Amino acid sequence: MIRKGKTLEAEESLLKAAESSSPMDRHYAYVKLIRLYQKMIQSGEDRLDQLMQICKQDIELFPDFHEAWTIEYLHQVPTPYFPSFSVLAEIYEEQGKIREAIDLCELALGYGLEETIGEDFPVRLERLYAKSEPEKK
């Protein structure tokens, strides 16, 4: 649906999927919603609040998702990429909320996540720490 330009229908369908009782199904619906909202924002739509809300919901879901993932794959498959942490950290950084971005990176690392698109959490965290130093002075 997204490719055919039917973003509102896609959004409605994904929001329904995000109501699933399965943490894995909810996570994958959230990932698709994140991508959808990013595309909508790039095309000029005001969807930043929705994007941030979906990222926060996905981050809250992580412990349940990780438990379900571990049971499903018996530690044989690494935890998949979880974009909500890096997307929300990037938004916070753009908004000048460096402390919030740092907190998200630390949370992601605490969960054992390291990989992001373009910049791994340890690298991003060091950069954010450097950015926060002038704030302390």
# chains A, B, ... in the order shown; residues from 1 in each chain; ligands from 1
$ residues_around --residues "range 106-108 of chain A" --least-positions-apart "3" --cutoff "9 Å" --atoms "only C-alpha atoms" --output "list in words"
Ile59, Phe85, Ser86, Ala101, Ile102, Asp103, Tyr111, Gly112, Leu113, Glu114, Phe121, Pro122 and Leu125 of chain A
$ residues_around --residues "Ser20 in chain A" --least-positions-apart "6" --cutoff "10 Å" --atoms "only C-alpha atoms" --output "JSON, numbers by chain"
{"A": [26, 27, 29]}
$ closest_atom_pairs --of "range 90-116 of chain A" --to "range 127-133 of chain A" --cutoff "12 Å" --atoms "only C-alpha atoms" --output "Markdown table"
| residue | atom | partner | partner_atom | distance |
| --- | --- | --- | --- | --- |
| A:Glu90 | CA | A:Leu128 | CA | 10.4 |
| A:Tyr92 | CA | A:Leu128 | CA | 10.9 |
| A:Glu93 | CA | A:Leu128 | CA | 8.2 |
| A:Glu94 | CA | A:Leu128 | CA | 11.4 |
| A:Gly96 | CA | A:Ser132 | CA | 9.8 |
| A:Lys97 | CA | A:Ser132 | CA | 9.6 |
| A:Ile98 | CA | A:Ser132 | CA | 6.4 |
| A:Arg99 | CA | A:Ser132 | CA | 7.4 |
| A:Glu100 | CA | A:Leu128 | CA | 10.1 |
| A:Ala101 | CA | A:Leu128 | CA | 7.6 |
| A:Ile102 | CA | A:Leu128 | CA | 6.4 |
| A:Asp103 | CA | A:Leu128 | CA | 10.2 |
| A:Leu104 | CA | A:Leu128 | CA | 11.0 |
| A:Cys105 | CA | A:Leu128 | CA | 9.3 |
| A:Glu106 | CA | A:Leu128 | CA | 11.0 |
$ write_last_selection --atoms "all heavy atoms" --output "compact mmCIF listing (two decimals), in the first residue's frame"
# COMPACT_ATOMS: atom_id res chain seq x y z
N GLU A 90 17.96 10.45 17.44
CA GLU A 90 18.28 11.44 16.40
C GLU A 90 17.32 12.63 16.48
O GLU A 90 17.74 13.79 16.36
CB GLU A 90 18.21 10.79 15.02
CG GLU A 90 18.65 11.72 13.90
CD GLU A 90 18.69 11.00 12.56
OE1 GLU A 90 19.09 9.83 12.52
OE2 GLU A 90 18.30 11.64 11.56
N TYR A 92 15.69 13.67 19.15
CA TYR A 92 16.05 14.43 20.34
C TYR A 92 17.29 15.29 20.09
O TYR A 92 17.35 16.45 20.49
CB TYR A 92 16.30 13.49 21.53
CG TYR A 92 15.05 12.96 22.18
CD1 TYR A 92 15.08 11.74 22.84
CD2 TYR A 92 13.84 13.67 22.18
CE1 TYR A 92 13.95 11.24 23.47
CE2 TYR A 92 12.71 13.16 22.80
CZ TYR A 92 12.77 11.96 23.44
OH TYR A 92 11.64 11.46 24.07
N GLU A 93 18.27 14.71 19.42
CA GLU A 93 19.49 15.48 19.13
C GLU A 93 19.17 16.69 18.26
O GLU A 93 19.65 17.79 18.52
CB GLU A 93 20.53 14.58 18.47
CG GLU A 93 21.84 15.28 18.24
CD GLU A 93 22.90 14.39 17.61
OE1 GLU A 93 22.64 13.20 17.37
OE2 GLU A 93 24.00 14.92 17.37
N GLU A 94 18.36 16.49 17.23
CA GLU A 94 17.98 17.60 16.35
C GLU A 94 17.22 18.68 17.12
O GLU A 94 17.30 19.86 16.78
CB GLU A 94 17.13 17.09 15.19
CG GLU A 94 17.92 16.28 14.17
CD GLU A 94 17.03 15.60 13.14
OE1 GLU A 94 15.78 15.76 13.20
OE2 GLU A 94 17.59 14.90 12.28
N GLY A 96 17.84 19.46 20.13
CA GLY A 96 18.72 19.99 21.17
C GLY A 96 18.56 19.32 22.51
O GLY A 96 19.09 19.78 23.52
N LYS A 97 17.84 18.22 22.55
CA LYS A 97 17.61 17.47 23.79
C LYS A 97 18.70 16.40 23.92
O LYS A 97 18.44 15.20 23.83
CB LYS A 97 16.22 16.84 23.79
CG LYS A 97 15.09 17.86 23.73
CD LYS A 97 13.74 17.18 23.66
CE LYS A 97 12.61 18.20 23.60
NZ LYS A 97 11.31 17.54 23.49
N ILE A 98 19.91 16.86 24.14
CA ILE A 98 21.08 15.97 24.15
C ILE A 98 21.00 14.96 25.30
O ILE A 98 21.30 13.79 25.13
CB ILE A 98 22.38 16.79 24.23
CG1 ILE A 98 22.46 17.81 23.08
CG2 ILE A 98 23.60 15.87 24.23
CD1 ILE A 98 22.34 17.22 21.69
N ARG A 99 20.56 15.40 26.47
CA ARG A 99 20.47 14.49 27.62
C ARG A 99 19.51 13.34 27.32
O ARG A 99 19.78 12.18 27.64
CB ARG A 99 20.00 15.27 28.86
CG ARG A 99 19.91 14.43 30.12
CD ARG A 99 21.29 14.10 30.64
NE ARG A 99 21.53 12.66 30.53
CZ ARG A 99 22.70 12.07 30.66
NH1 ARG A 99 23.77 12.74 30.92
NH2 ARG A 99 22.81 10.77 30.55
N GLU A 100 18.37 13.64 26.69
CA GLU A 100 17.40 12.59 26.34
C GLU A 100 18.00 11.62 25.31
O GLU A 100 17.78 10.41 25.39
CB GLU A 100 16.09 13.19 25.82
CG GLU A 100 15.26 13.87 26.87
CD GLU A 100 15.60 15.35 27.08
OE1 GLU A 100 16.72 15.79 26.72
OE2 GLU A 100 14.75 16.06 27.64
N ALA A 101 18.75 12.16 24.35
CA ALA A 101 19.40 11.32 23.35
C ALA A 101 20.43 10.40 24.01
O ALA A 101 20.52 9.21 23.69
CB ALA A 101 20.04 12.18 22.26
N ILE A 102 21.19 10.96 24.94
CA ILE A 102 22.18 10.16 25.67
C ILE A 102 21.48 9.05 26.46
O ILE A 102 21.91 7.89 26.43
CB ILE A 102 23.01 11.06 26.61
CG1 ILE A 102 23.98 11.92 25.79
CG2 ILE A 102 23.77 10.23 27.65
CD1 ILE A 102 24.71 13.00 26.58
N ASP A 103 20.41 9.40 27.14
CA ASP A 103 19.66 8.41 27.93
C ASP A 103 19.17 7.25 27.05
O ASP A 103 19.24 6.09 27.46
CB ASP A 103 18.48 9.06 28.64
CG ASP A 103 18.90 9.99 29.76
OD1 ASP A 103 20.07 9.94 30.19
OD2 ASP A 103 18.03 10.79 30.22
N LEU A 104 18.69 7.57 25.85
CA LEU A 104 18.22 6.52 24.94
C LEU A 104 19.36 5.61 24.49
O LEU A 104 19.20 4.38 24.44
CB LEU A 104 17.55 7.13 23.72
CG LEU A 104 16.07 7.39 23.83
CD1 LEU A 104 15.55 8.08 22.58
CD2 LEU A 104 15.30 6.11 24.07
N CYS A 105 20.50 6.21 24.16
CA CYS A 105 21.65 5.40 23.75
C CYS A 105 22.11 4.50 24.90
O CYS A 105 22.42 3.33 24.67
CB CYS A 105 22.79 6.30 23.29
SG CYS A 105 22.46 7.13 21.73
N GLU A 106 22.15 5.04 26.10
CA GLU A 106 22.54 4.24 27.26
C GLU A 106 21.54 3.11 27.51
O GLU A 106 21.93 1.99 27.84
CB GLU A 106 22.68 5.13 28.49
CG GLU A 106 23.89 6.04 28.43
CD GLU A 106 23.98 7.03 29.58
OE1 GLU A 106 22.97 7.24 30.29
OE2 GLU A 106 25.07 7.60 29.77
$ residues_around --residues "Gln53 in chain A" --least-positions-apart "2" --cutoff "12 Å" --atoms "only C-alpha atoms" --output "JSON, numbers by chain"
{"A": [30, 33, 34, 37, 47, 48, 49, 50, 51, 55, 56, 57, 58, 59, 60, 84, 85, 87, 88, 91]}
$ decode --residues "range 34-49 of chain A" --atoms "all heavy atoms" --output "mmCIF file, in the first residue's frame"
data_model
loop_
_atom_site.group_PDB
_atom_site.id
_atom_site.type_symbol
_atom_site.label_atom_id
_atom_site.label_comp_id
_atom_site.auth_asym_id
_atom_site.auth_seq_id
_atom_site.Cartn_x
_atom_site.Cartn_y
_atom_site.Cartn_z
ATOM 1 N N ILE A 34 7.208 3.384 11.642
ATOM 2 C CA ILE A 34 8.347 4.315 11.699
ATOM 3 C C ILE A 34 8.776 4.688 10.293
ATOM 4 O O ILE A 34 8.936 5.868 9.970
ATOM 5 C CB ILE A 34 9.520 3.691 12.509
ATOM 6 C CG1 ILE A 34 9.162 3.670 13.998
ATOM 7 C CG2 ILE A 34 10.820 4.469 12.273
ATOM 8 C CD1 ILE A 34 10.102 2.821 14.855
ATOM 9 N N ARG A 35 8.935 3.693 9.443
ATOM 10 C CA ARG A 35 9.328 3.958 8.047
ATOM 11 C C ARG A 35 8.273 4.806 7.327
ATOM 12 O O ARG A 35 8.605 5.723 6.586
ATOM 13 C CB ARG A 35 9.550 2.656 7.301
ATOM 14 C CG ARG A 35 10.789 1.929 7.748
ATOM 15 C CD ARG A 35 11.050 0.716 6.880
ATOM 16 N NE ARG A 35 12.133 -0.076 7.434
ATOM 17 C CZ ARG A 35 12.108 -1.389 7.550
ATOM 18 N NH1 ARG A 35 11.070 -2.074 7.128
ATOM 19 N NH2 ARG A 35 13.140 -2.030 8.064
ATOM 20 N N LEU A 36 7.006 4.468 7.546
ATOM 21 C CA LEU A 36 5.920 5.222 6.911
ATOM 22 C C LEU A 36 5.945 6.680 7.349
ATOM 23 O O LEU A 36 5.882 7.588 6.518
ATOM 24 C CB LEU A 36 4.567 4.582 7.247
ATOM 25 C CG LEU A 36 3.331 5.325 6.735
ATOM 26 C CD1 LEU A 36 3.285 5.316 5.210
ATOM 27 C CD2 LEU A 36 2.066 4.706 7.315
ATOM 28 N N TYR A 37 6.032 6.921 8.653
ATOM 29 C CA TYR A 37 6.031 8.296 9.149
ATOM 30 C C TYR A 37 7.264 9.056 8.676
ATOM 31 O O TYR A 37 7.178 10.245 8.367
ATOM 32 C CB TYR A 37 5.911 8.326 10.671
ATOM 33 C CG TYR A 37 4.536 7.931 11.176
ATOM 34 C CD1 TYR A 37 4.399 7.152 12.311
ATOM 35 C CD2 TYR A 37 3.379 8.332 10.518
ATOM 36 C CE1 TYR A 37 3.141 6.785 12.782
ATOM 37 C CE2 TYR A 37 2.130 7.964 10.966
ATOM 38 C CZ TYR A 37 2.006 7.193 12.104
ATOM 39 O OH TYR A 37 0.758 6.839 12.555
ATOM 40 N N GLN A 38 8.407 8.387 8.584
ATOM 41 C CA GLN A 38 9.596 9.053 8.060
ATOM 42 C C GLN A 38 9.383 9.482 6.610
ATOM 43 O O GLN A 38 9.742 10.602 6.235
ATOM 44 C CB GLN A 38 10.817 8.134 8.168
ATOM 45 C CG GLN A 38 11.327 7.980 9.582
ATOM 46 C CD GLN A 38 12.465 6.980 9.697
ATOM 47 O OE1 GLN A 38 12.439 5.908 9.093
ATOM 48 N NE2 GLN A 38 13.470 7.335 10.484
ATOM 49 N N LYS A 39 8.774 8.618 5.817
ATOM 50 C CA LYS A 39 8.491 8.975 4.422
ATOM 51 C C LYS A 39 7.482 10.119 4.341
ATOM 52 O O LYS A 39 7.615 11.012 3.503
ATOM 53 C CB LYS A 39 7.961 7.758 3.653
ATOM 54 C CG LYS A 39 9.024 6.741 3.352
ATOM 55 C CD LYS A 39 8.467 5.556 2.600
ATOM 56 C CE LYS A 39 9.548 4.533 2.377
ATOM 57 N NZ LYS A 39 9.098 3.374 1.630
ATOM 58 N N MET A 40 6.474 10.087 5.206
ATOM 59 C CA MET A 40 5.466 11.148 5.200
ATOM 60 C C MET A 40 6.095 12.488 5.593
ATOM 61 O O MET A 40 5.785 13.524 5.005
ATOM 62 C CB MET A 40 4.304 10.784 6.126
ATOM 63 C CG MET A 40 3.496 9.585 5.629
ATOM 64 S SD MET A 40 2.322 8.950 6.840
ATOM 65 C CE MET A 40 0.898 9.982 6.466
ATOM 66 N N ILE A 41 6.990 12.459 6.566
ATOM 67 C CA ILE A 41 7.692 13.680 6.988
ATOM 68 C C ILE A 41 8.563 14.197 5.841
ATOM 69 O O ILE A 41 8.581 15.402 5.563
ATOM 70 C CB ILE A 41 8.531 13.414 8.259
ATOM 71 C CG1 ILE A 41 7.595 13.232 9.462
ATOM 72 C CG2 ILE A 41 9.520 14.552 8.516
ATOM 73 C CD1 ILE A 41 8.271 12.679 10.712
ATOM 74 N N GLN A 42 9.258 13.295 5.155
ATOM 75 C CA GLN A 42 10.104 13.699 4.023
ATOM 76 C C GLN A 42 9.285 14.345 2.915
ATOM 77 O O GLN A 42 9.777 15.209 2.200
ATOM 78 C CB GLN A 42 10.872 12.502 3.477
ATOM 79 C CG GLN A 42 11.994 12.049 4.387
ATOM 80 C CD GLN A 42 12.628 10.746 3.913
ATOM 81 O OE1 GLN A 42 12.153 10.089 2.996
ATOM 82 N NE2 GLN A 42 13.711 10.365 4.581
ATOM 83 N N SER A 43 8.027 13.928 2.789
ATOM 84 C CA SER A 43 7.184 14.508 1.741
ATOM 85 C C SER A 43 6.438 15.754 2.228
ATOM 86 O O SER A 43 5.572 16.266 1.534
ATOM 87 C CB SER A 43 6.199 13.468 1.196
ATOM 88 O OG SER A 43 5.234 13.138 2.169
ATOM 89 N N GLY A 44 6.780 16.213 3.432
ATOM 90 C CA GLY A 44 6.235 17.483 3.901
ATOM 91 C C GLY A 44 5.082 17.389 4.882
ATOM 92 O O GLY A 44 4.562 18.417 5.319
ATOM 93 N N GLU A 45 4.673 16.179 5.234
ATOM 94 C CA GLU A 45 3.573 16.036 6.192
ATOM 95 C C GLU A 45 4.085 16.194 7.617
ATOM 96 O O GLU A 45 5.215 15.841 7.930
ATOM 97 C CB GLU A 45 2.893 14.677 6.029
ATOM 98 C CG GLU A 45 2.143 14.543 4.724
ATOM 99 C CD GLU A 45 1.321 13.275 4.672
ATOM 100 O OE1 GLU A 45 0.611 12.980 5.656
ATOM 101 O OE2 GLU A 45 1.412 12.574 3.649
ATOM 102 N N ASP A 46 3.244 16.725 8.479
ATOM 103 C CA ASP A 46 3.603 16.933 9.873
ATOM 104 C C ASP A 46 3.247 15.677 10.665
ATOM 105 O O ASP A 46 2.143 15.555 11.187
ATOM 106 C CB ASP A 46 2.863 18.153 10.428
ATOM 107 C CG ASP A 46 3.241 18.456 11.861
ATOM 108 O OD1 ASP A 46 4.278 17.974 12.334
ATOM 109 O OD2 ASP A 46 2.472 19.185 12.527
ATOM 110 N N ARG A 47 4.201 14.750 10.743
ATOM 111 C CA ARG A 47 3.968 13.479 11.437
ATOM 112 C C ARG A 47 5.013 13.207 12.515
ATOM 113 O O ARG A 47 5.150 12.083 12.974
ATOM 114 C CB ARG A 47 3.957 12.322 10.434
ATOM 115 C CG ARG A 47 2.787 12.344 9.472
ATOM 116 C CD ARG A 47 1.476 12.369 10.239
ATOM 117 N NE ARG A 47 0.342 12.282 9.377
ATOM 118 C CZ ARG A 47 -0.492 11.250 9.346
ATOM 119 N NH1 ARG A 47 -0.319 10.239 10.158
ATOM 120 N NH2 ARG A 47 -1.499 11.245 8.522
ATOM 121 N N LEU A 48 5.743 14.242 12.921
ATOM 122 C CA LEU A 48 6.803 14.061 13.906
ATOM 123 C C LEU A 48 6.258 13.543 15.233
ATOM 124 O O LEU A 48 6.840 12.635 15.837
ATOM 125 C CB LEU A 48 7.582 15.358 14.117
ATOM 126 C CG LEU A 48 8.810 15.250 15.023
ATOM 127 C CD1 LEU A 48 9.819 14.256 14.469
ATOM 128 C CD2 LEU A 48 9.444 16.613 15.222
ATOM 129 N N ASP A 49 5.136 14.078 15.696
ATOM 130 C CA ASP A 49 4.563 13.614 16.967
ATOM 131 C C ASP A 49 4.192 12.135 16.903
ATOM 132 O O ASP A 49 4.452 11.384 17.847
ATOM 133 C CB ASP A 49 3.335 14.443 17.352
ATOM 134 C CG ASP A 49 3.689 15.862 17.772
ATOM 135 O OD1 ASP A 49 4.861 16.113 18.112
ATOM 136 O OD2 ASP A 49 2.785 16.721 17.757
#
